[in-house]
Amino acid sequence: MTDALAKSWRGWLFPLAVLAASEIWFLFNPILSDTLAPPSRIVLGAVDIVTDGTFLRTTYQTLFAAAAGLLIGMIAGTAGGVLIGLMRTADRLSSWSVEMLRPIPSVALIPLSLLTFGYGYRMEYAVVAWATFWPFLILTQHALKQIDVRLIEVSKLMGFGIFSRIFKIMLPAAAPRLFTALRLAVGLSLVVSVTVEIAANPQGLGYGLMVAQESLRPDRMFALLIWVGILGWAINYFLVRIEGRLFAHRTPGLMADA
Amino acid sequence: MAAASTAIELKDVSLSFGSNEILTGIGMSVEPGEFVCVIGASGSGKTTLLRMIAGLLPPTSGQVLLHGRPVRAPTRKVAVVFQDYGRALLPWRRAYANVSLPLEASGMPSRDRPKRIRELLAKVGLAGHENKFPGQLSGGMQQRLQIARSLAQEPDTLLMDEPFGALDAMTRQTLQDEVLRLVAERRTTVFFVTHDIEEALYLGDRVVALDSNPGRIAYDIKVPLPRPRDQLTTREHPEFLRLRREMFEIMNRIHA
C-alpha cells in the first residue's frame, strides 16, 4: 500500500495544494502569528533546527528512549505472553491483574515514573515499556493459541522437550503475528515517548516541540512536527518491507522456483 | 512373553468422547516388518486409531502396546506421516532444515547432520531441492519431504494417515512404489490408513476394514500377492482382482 502511495502522484496533489494555498494566504495577510507559519518560514525553521543541533540531539534522545523502552516492553511482554499462552494456570492467575492493569493509560503513569526515576531517560523507558508491554503480552498469547495443532503434534512426535518446542516450533510459527505486535508497539513507543517529553521529561522531540511553542517559534514547531510525522511513517515503511522479506516464503506457491 | 515380539498390539481398545462412541472393541496385532492397511469410510475412526497408536490420544478403555509396552506418549521409534503435508511441514524451514528436525530432537551433533540429511533427501528423490521452502515445492515433493523427515527418526514403525489422498493419480503411484521400496529396505512395520481399496491391496500384507458408528473391525484379510509389487502386473494379478471384488462387496455391505 505504501509503495502504491509513493508511486501515485495524485496522492501528492492535495497536500501540495494545501501548502500552496496557505503560502498564498500568508502572502496577502502578512500577520505575525504565534501559532501558525507559512510553509516558506517552516522550511527556514527546519534549516534552523538542523544547524543549531536541535534536530539531531532531540531525534536521538527520542529514538533512543523509545527503542530502549520498547525493548524492555518486548522482552517482558513476550515472555509473559508465552507463559500465559502455554500455561493455563498462569493465565487464570493473571487474568484479573491483566484486566485491571491494562486499561490504565500509559501517560497516567508519568507522575509515578517521575517520582520514582526523576527526569531523564529512565522515567521515559518505564512509561514506554509499560505502554508496549500490553500489546506484546496479549498478541503473543493469541499468536500461540492460533498455532496449528498439527505443528504441536509434530513437535511432540519428534520428541522435543518444552524449551525446544517453544523455540524451534511455537515462536517461529507465531513469528508473523509477533511481528505484527512489534509493528504496533513501535508506533506506540514513538507516540508515548513524544507524549512523555511534552508532558514532563525535558528532552527529545516532544520537549523540542514545547520549547518552540513556548518561545513563540511556530516555524520551528511545525518543522519538528512534520519531522515526527515523517519519522513515524518511515519507520513503519521499513518494518513493512522487512515483514514482506521475512515471511514471503511462507505463502505456498507464491514464490517462483529458484 | 510372546507379545513382546509383536510390533503393534491393540487389546480391546475403545474410545468415546462423552456419550459419543468412536471406536469399540478393537483387537488386532501387527508383526514386525508387516505392512497393514486400514480402510474404512470417513468417520469410521481409522485416523483416530492411528493417533492412539502414535500416543497422541489415550484410549478410553483397553490397551495399546508397542513391542509389548503400553503407549503413554509419542516415541521417536514411531514416526507419523500426515495427509496434510502443508500443515505438517514447517513453512519457515527449508527442505534440509525440515529433515534436520528429528536429528536435532535426537541430539545428533550438528556436524554429522548434513551427510545424513543429504542421504535422506536423495532417497526420496529430492536431491538438489535442499534449499527450497516447502511453499516452493509441489504437493508430491512436499509429501516426499515429509516422508524423508519421518525416516530421519529411524522409526521401526511408520504410521501413515492417508498420505497420498491429496495427490494426483500418477504421483500417488510413484510414491506408493517408493514407500514400498523404502520400508522393504529397512524392514519397517507400517500402519497405513486409506480409503482406497486398490491402494490397500496393492501396498498391504494385510487389509483391515473398519465398520462405522462406532468404528469396529469388520474384516481382516491377508493379501498373498508376491513382492516386489508392480503397478501393472500386481494390479492385473487374478488374486488382486478377486480380492478387490471381495473387498468392494464387503465395503458395500458395510455401508449399505
# chains A, B, ... in the order shown; residues from 1 in each chain; ligands from 1
$ select_by_dssp --residues "stretch 145-208 of chain A" --states "alpha helix (DSSP H)" --output "ChimeraX atom specification"
/A:145,149-158,162-164,171-199,204-208
$ interface_residues --of "chain A" --to "chain B" --cutoff "12 Å" --atoms "only C-alpha atoms" --output "PyMOL selection string"
chain A and resi 147-165+168-176+246-258
$ closest_residue --among "B:Ser16, B:Met108, B:Ser5, B:Glu246" --to "B:Arg69" --atoms "only C-alpha atoms"
B:Ser5
$ closest_residue --among "B:Ala184, B:Ala169, B:Ala218, B:Leu201" --to "B:Glu239" --atoms "only C-alpha atoms"
B:Leu201
$ atom_distance --atom1 "atom CA of B:Arg187" --atom2 "atom CA of B:Arg206"
15.5 Å
$ residues_around --residues "A:Ala181" --least-positions-apart "2" --cutoff "7 Å" --atoms "only C-alpha atoms" --output "list in words"
Pro135, Phe136, Leu139, Arg177, Leu178, Phe179, Arg183, Leu184 and Ala185 of chain A
$ write_last_selection --atoms "N, CA and C atoms" --output "compact mmCIF listing (two decimals), in the first residue's frame"
# COMPACT_ATOMS: atom_id res chain seq x y z
N PRO A 135 0.52 -4.76 24.32
CA PRO A 135 0.32 -5.42 23.01
C PRO A 135 1.18 -6.67 22.85
N PHE A 136 2.41 -6.65 23.37
CA PHE A 136 3.23 -7.86 23.25
C PHE A 136 2.62 -9.01 24.04
N LEU A 139 -0.89 -10.05 22.32
CA LEU A 139 -0.75 -10.61 20.96
C LEU A 139 0.10 -11.88 20.96
N ARG A 177 2.70 -13.18 13.39
CA ARG A 177 1.81 -12.44 14.28
C ARG A 177 2.59 -11.64 15.30
N LEU A 178 3.73 -12.19 15.75
CA LEU A 178 4.57 -11.46 16.69
C LEU A 178 5.14 -10.21 16.02
N PHE A 179 5.41 -10.32 14.73
CA PHE A 179 5.94 -9.16 14.02
C PHE A 179 4.88 -8.07 13.92
N ARG A 183 5.21 -4.20 15.11
CA ARG A 183 4.91 -3.02 14.32
C ARG A 183 3.97 -2.08 15.08
N LEU A 184 2.98 -2.69 15.72
CA LEU A 184 2.04 -1.92 16.53
C LEU A 184 2.77 -1.21 17.67
N ALA A 185 3.65 -1.95 18.34
CA ALA A 185 4.33 -1.43 19.52
C ALA A 185 5.35 -0.35 19.14
$ closest_residue --among "A:Ala129, A:Ile104, A:Val43, A:Leu112" --to "A:Met74" --atoms "only C-alpha atoms"
A:Ala129
$ residues_around --residues "stretch 208-210 of chain A" --least-positions-apart "6" --cutoff "9 Å" --atoms "only C-alpha atoms" --output "NGL selection string"
:A and (54-55 or 58 or 197-199 or 202 or 220-222 or 224-225)
$ write_last_selection --atoms "C-alpha atoms" --output "PDB file, in the first residue's frame"
ATOM      1  CA  THR A  54      18.412  20.584  17.978  1.00  0.00           C
ATOM      2  CA  PHE A  55      17.355  18.234  15.215  1.00  0.00           C
ATOM      3  CA  THR A  58      16.270  15.560  20.072  1.00  0.00           C
ATOM      4  CA  GLU A 197       8.576  14.516  26.613  1.00  0.00           C
ATOM      5  CA  ILE A 198       5.790  17.032  26.060  1.00  0.00           C
ATOM      6  CA  ALA A 199       4.225  16.391  29.452  1.00  0.00           C
ATOM      7  CA  PRO A 202      12.860  17.810  29.365  1.00  0.00           C
ATOM      8  CA  ARG A 220      10.439  25.577  14.380  1.00  0.00           C
ATOM      9  CA  MET A 221       7.453  23.860  15.969  1.00  0.00           C
ATOM     10  CA  PHE A 222       5.937  22.933  12.614  1.00  0.00           C
ATOM     11  CA  LEU A 224       9.662  19.408  14.229  1.00  0.00           C
ATOM     12  CA  LEU A 225       6.059  18.304  13.947  1.00  0.00           C
TER      13      LEU A 225
END
$ closest_residue --among "B:Gln63, B:Val193, B:Leu241, B:Glu249" --to "B:Gly40" --atoms "only C-alpha atoms"
B:Val193
$ closest_residue --among "B:Thr157, B:Ser14, B:Thr194, B:Thr6" --to "B:Thr47" --atoms "only C-alpha atoms"
B:Thr194
$ residues_around --residues "B:Ser100" --least-positions-apart "4" --cutoff "7 Å" --atoms "only C-alpha atoms" --output "NGL selection string"
:B and (96 or 104 or 113 or 117)
$ write_last_selection --atoms "N, CA and C atoms" --output "PDB file, in the first residue's frame"
ATOM      1  N   TYR B  96      16.056 -28.978   3.741  1.00  0.00           N
ATOM      2  CA  TYR B  96      17.046 -29.681   4.562  1.00  0.00           C
ATOM      3  C   TYR B  96      16.785 -29.454   6.049  1.00  0.00           C
ATOM      4  N   GLU B 104      17.825 -33.046  15.230  1.00  0.00           N
ATOM      5  CA  GLU B 104      18.029 -32.109  16.336  1.00  0.00           C
ATOM      6  C   GLU B 104      17.379 -32.655  17.612  1.00  0.00           C
ATOM      7  N   ARG B 113      24.997 -33.998  10.833  1.00  0.00           N
ATOM      8  CA  ARG B 113      23.671 -33.902  10.209  1.00  0.00           C
ATOM      9  C   ARG B 113      23.694 -33.754   8.695  1.00  0.00           C
ATOM     10  N   ILE B 117      21.245 -35.829   6.165  1.00  0.00           N
ATOM     11  CA  ILE B 117      20.144 -35.123   5.506  1.00  0.00           C
ATOM     12  C   ILE B 117      20.233 -35.308   3.993  1.00  0.00           C
TER      13      ILE B 117
END
$ atom_distance --atom1 "atom CA of B:Thr234" --atom2 "atom CA of B:Val38"
19.4 Å
$ residues_around --residues "stretch 230-239 of chain A" --least-positions-apart "6" --cutoff "10 Å" --atoms "only C-alpha atoms" --output "PDB file with N, CA and C atoms, in the first residue's frame"
ATOM      1  N   MET A   1       0.829  -1.195   0.000  1.00  0.00           N
ATOM      2  CA  MET A   1       0.000   0.000   0.000  1.00  0.00           C
ATOM      3  C   MET A   1       0.869   1.252   0.000  1.00  0.00           C
ATOM      4  N   THR A   2       1.921   1.216   0.813  1.00  0.00           N
ATOM      5  CA  THR A   2       2.814   2.366   0.909  1.00  0.00           C
ATOM      6  C   THR A   2       3.493   2.627  -0.430  1.00  0.00           C
ATOM      7  N   ASP A   3       3.870   1.508  -1.098  1.00  0.00           N
ATOM      8  CA  ASP A   3       4.509   1.634  -2.394  1.00  0.00           C
ATOM      9  C   ASP A   3       3.575   2.294  -3.395  1.00  0.00           C
ATOM     10  N   THR A  59      16.169  14.111  18.111  1.00  0.00           N
ATOM     11  CA  THR A  59      15.788  12.873  17.418  1.00  0.00           C
ATOM     12  C   THR A  59      16.451  11.676  18.080  1.00  0.00           C
ATOM     13  N   LEU A  63      14.403   8.668  19.893  1.00  0.00           N
ATOM     14  CA  LEU A  63      14.517   7.323  19.334  1.00  0.00           C
ATOM     15  C   LEU A  63      15.168   6.368  20.322  1.00  0.00           C
ATOM     16  N   PHE A 179       5.414 -10.323  14.731  1.00  0.00           N
ATOM     17  CA  PHE A 179       5.942  -9.158  14.022  1.00  0.00           C
ATOM     18  C   PHE A 179       4.878  -8.069  13.923  1.00  0.00           C
ATOM     19  N   THR A 180       3.636  -8.475  13.762  1.00  0.00           N
ATOM     20  CA  THR A 180       2.543  -7.500  13.765  1.00  0.00           C
ATOM     21  C   THR A 180       2.501  -6.776  15.108  1.00  0.00           C
ATOM     22  N   LEU A 182       5.008  -6.269  17.000  1.00  0.00           N
ATOM     23  CA  LEU A 182       6.167  -5.380  17.012  1.00  0.00           C
ATOM     24  C   LEU A 182       5.852  -4.077  16.275  1.00  0.00           C
ATOM     25  N   ARG A 183       5.212  -4.202  15.112  1.00  0.00           N
ATOM     26  CA  ARG A 183       4.906  -3.023  14.319  1.00  0.00           C
ATOM     27  C   ARG A 183       3.973  -2.075  15.082  1.00  0.00           C
ATOM     28  N   LEU A 184       2.982  -2.693  15.722  1.00  0.00           N
ATOM     29  CA  LEU A 184       2.036  -1.922  16.532  1.00  0.00           C
ATOM     30  C   LEU A 184       2.766  -1.211  17.667  1.00  0.00           C
ATOM     31  N   VAL A 186       5.966  -0.481  17.974  1.00  0.00           N
ATOM     32  CA  VAL A 186       6.927   0.528  17.547  1.00  0.00           C
ATOM     33  C   VAL A 186       6.225   1.876  17.381  1.00  0.00           C
ATOM     34  N   GLY A 187       5.059   1.846  16.713  1.00  0.00           N
ATOM     35  CA  GLY A 187       4.279   3.073  16.555  1.00  0.00           C
ATOM     36  C   GLY A 187       3.900   3.665  17.893  1.00  0.00           C
ATOM     37  N   LEU A 188       3.467   2.765  18.778  1.00  0.00           N
ATOM     38  CA  LEU A 188       3.050   3.181  20.109  1.00  0.00           C
ATOM     39  C   LEU A 188       4.216   3.793  20.881  1.00  0.00           C
ATOM     40  N   LEU A 190       6.756   5.415  19.853  1.00  0.00           N
ATOM     41  CA  LEU A 190       7.056   6.775  19.394  1.00  0.00           C
ATOM     42  C   LEU A 190       6.022   7.764  19.945  1.00  0.00           C
ATOM     43  N   VAL A 191       4.757   7.387  19.855  1.00  0.00           N
ATOM     44  CA  VAL A 191       3.687   8.238  20.377  1.00  0.00           C
ATOM     45  C   VAL A 191       3.893   8.497  21.863  1.00  0.00           C
ATOM     46  N   LEU A 224       9.498  20.606  13.396  1.00  0.00           N
ATOM     47  CA  LEU A 224       9.662  19.408  14.229  1.00  0.00           C
ATOM     48  C   LEU A 224       8.460  18.469  14.088  1.00  0.00           C
ATOM     49  N   ARG A 245       9.823  -9.280   3.383  1.00  0.00           N
ATOM     50  CA  ARG A 245      11.002 -10.096   3.104  1.00  0.00           C
ATOM     51  C   ARG A 245      11.041 -11.342   3.977  1.00  0.00           C
TER      52      ARG A 245
END
$ closest_residue --among "B:Thr233, B:Ala148, B:Leu23, B:Arg111" --to "B:Ala127" --atoms "only C-alpha atoms"
B:Ala148
$ select_by_dssp --residues "stretch 124-190 of chain B" --states "strand (DSSP E)" --output "list of chain:residue names"
B:Thr157, B:Leu158, B:Leu159, B:Met160, B:Asp161, B:Thr189, B:Val190
$ write_last_selection --atoms "C-alpha atoms" --output "mmCIF file, in the first residue's frame"
data_model
loop_
_atom_site.group_PDB
_atom_site.id
_atom_site.type_symbol
_atom_site.label_atom_id
_atom_site.label_comp_id
_atom_site.auth_asym_id
_atom_site.auth_seq_id
_atom_site.Cartn_x
_atom_site.Cartn_y
_atom_site.Cartn_z
ATOM 1 C CA THR B 157 7.128 -48.323 12.956
ATOM 2 C CA LEU B 158 5.686 -45.936 10.398
ATOM 3 C CA LEU B 159 2.121 -44.669 10.778
ATOM 4 C CA MET B 160 0.756 -43.187 7.567
ATOM 5 C CA ASP B 161 -2.560 -41.340 7.582
ATOM 6 C CA THR B 189 6.417 -52.003 10.273
ATOM 7 C CA VAL B 190 3.759 -49.917 8.529
#
$ residues_around --residues "stretch 11-26 of chain A" --least-positions-apart "3" --cutoff "7 Å" --atoms "only C-alpha atoms" --output "PDB file with N, CA and C atoms, in the first residue's frame"
ATOM      1  N   LEU A   5       1.186   4.224  -2.768  1.00  0.00           N
ATOM      2  CA  LEU A   5       1.004   5.615  -2.392  1.00  0.00           C
ATOM      3  C   LEU A   5       2.158   6.467  -2.921  1.00  0.00           C
ATOM      4  N   SER A   8       1.826   6.780  -6.801  1.00  0.00           N
ATOM      5  CA  SER A   8       0.746   7.540  -7.427  1.00  0.00           C
ATOM      6  C   SER A   8       0.910   9.022  -7.119  1.00  0.00           C
ATOM      7  N   ASN A  29      -2.063  38.130   3.737  1.00  0.00           N
ATOM      8  CA  ASN A  29      -2.359  38.501   5.121  1.00  0.00           C
ATOM      9  C   ASN A  29      -1.066  38.435   5.928  1.00  0.00           C
ATOM     10  N   PRO A  30      -0.195  39.408   5.738  1.00  0.00           N
ATOM     11  CA  PRO A  30       1.131  39.312   6.373  1.00  0.00           C
ATOM     12  C   PRO A  30       1.077  39.593   7.871  1.00  0.00           C
ATOM     13  N   PRO A  38       3.825  30.354   7.566  1.00  0.00           N
ATOM     14  CA  PRO A  38       3.710  29.920   6.169  1.00  0.00           C
ATOM     15  C   PRO A  38       4.757  28.858   5.853  1.00  0.00           C
ATOM     16  N   PRO A  39       4.480  28.016   4.857  1.00  0.00           N
ATOM     17  CA  PRO A  39       5.398  26.927   4.518  1.00  0.00           C
ATOM     18  C   PRO A  39       6.837  27.398   4.307  1.00  0.00           C
TER      19      PRO A  39
END
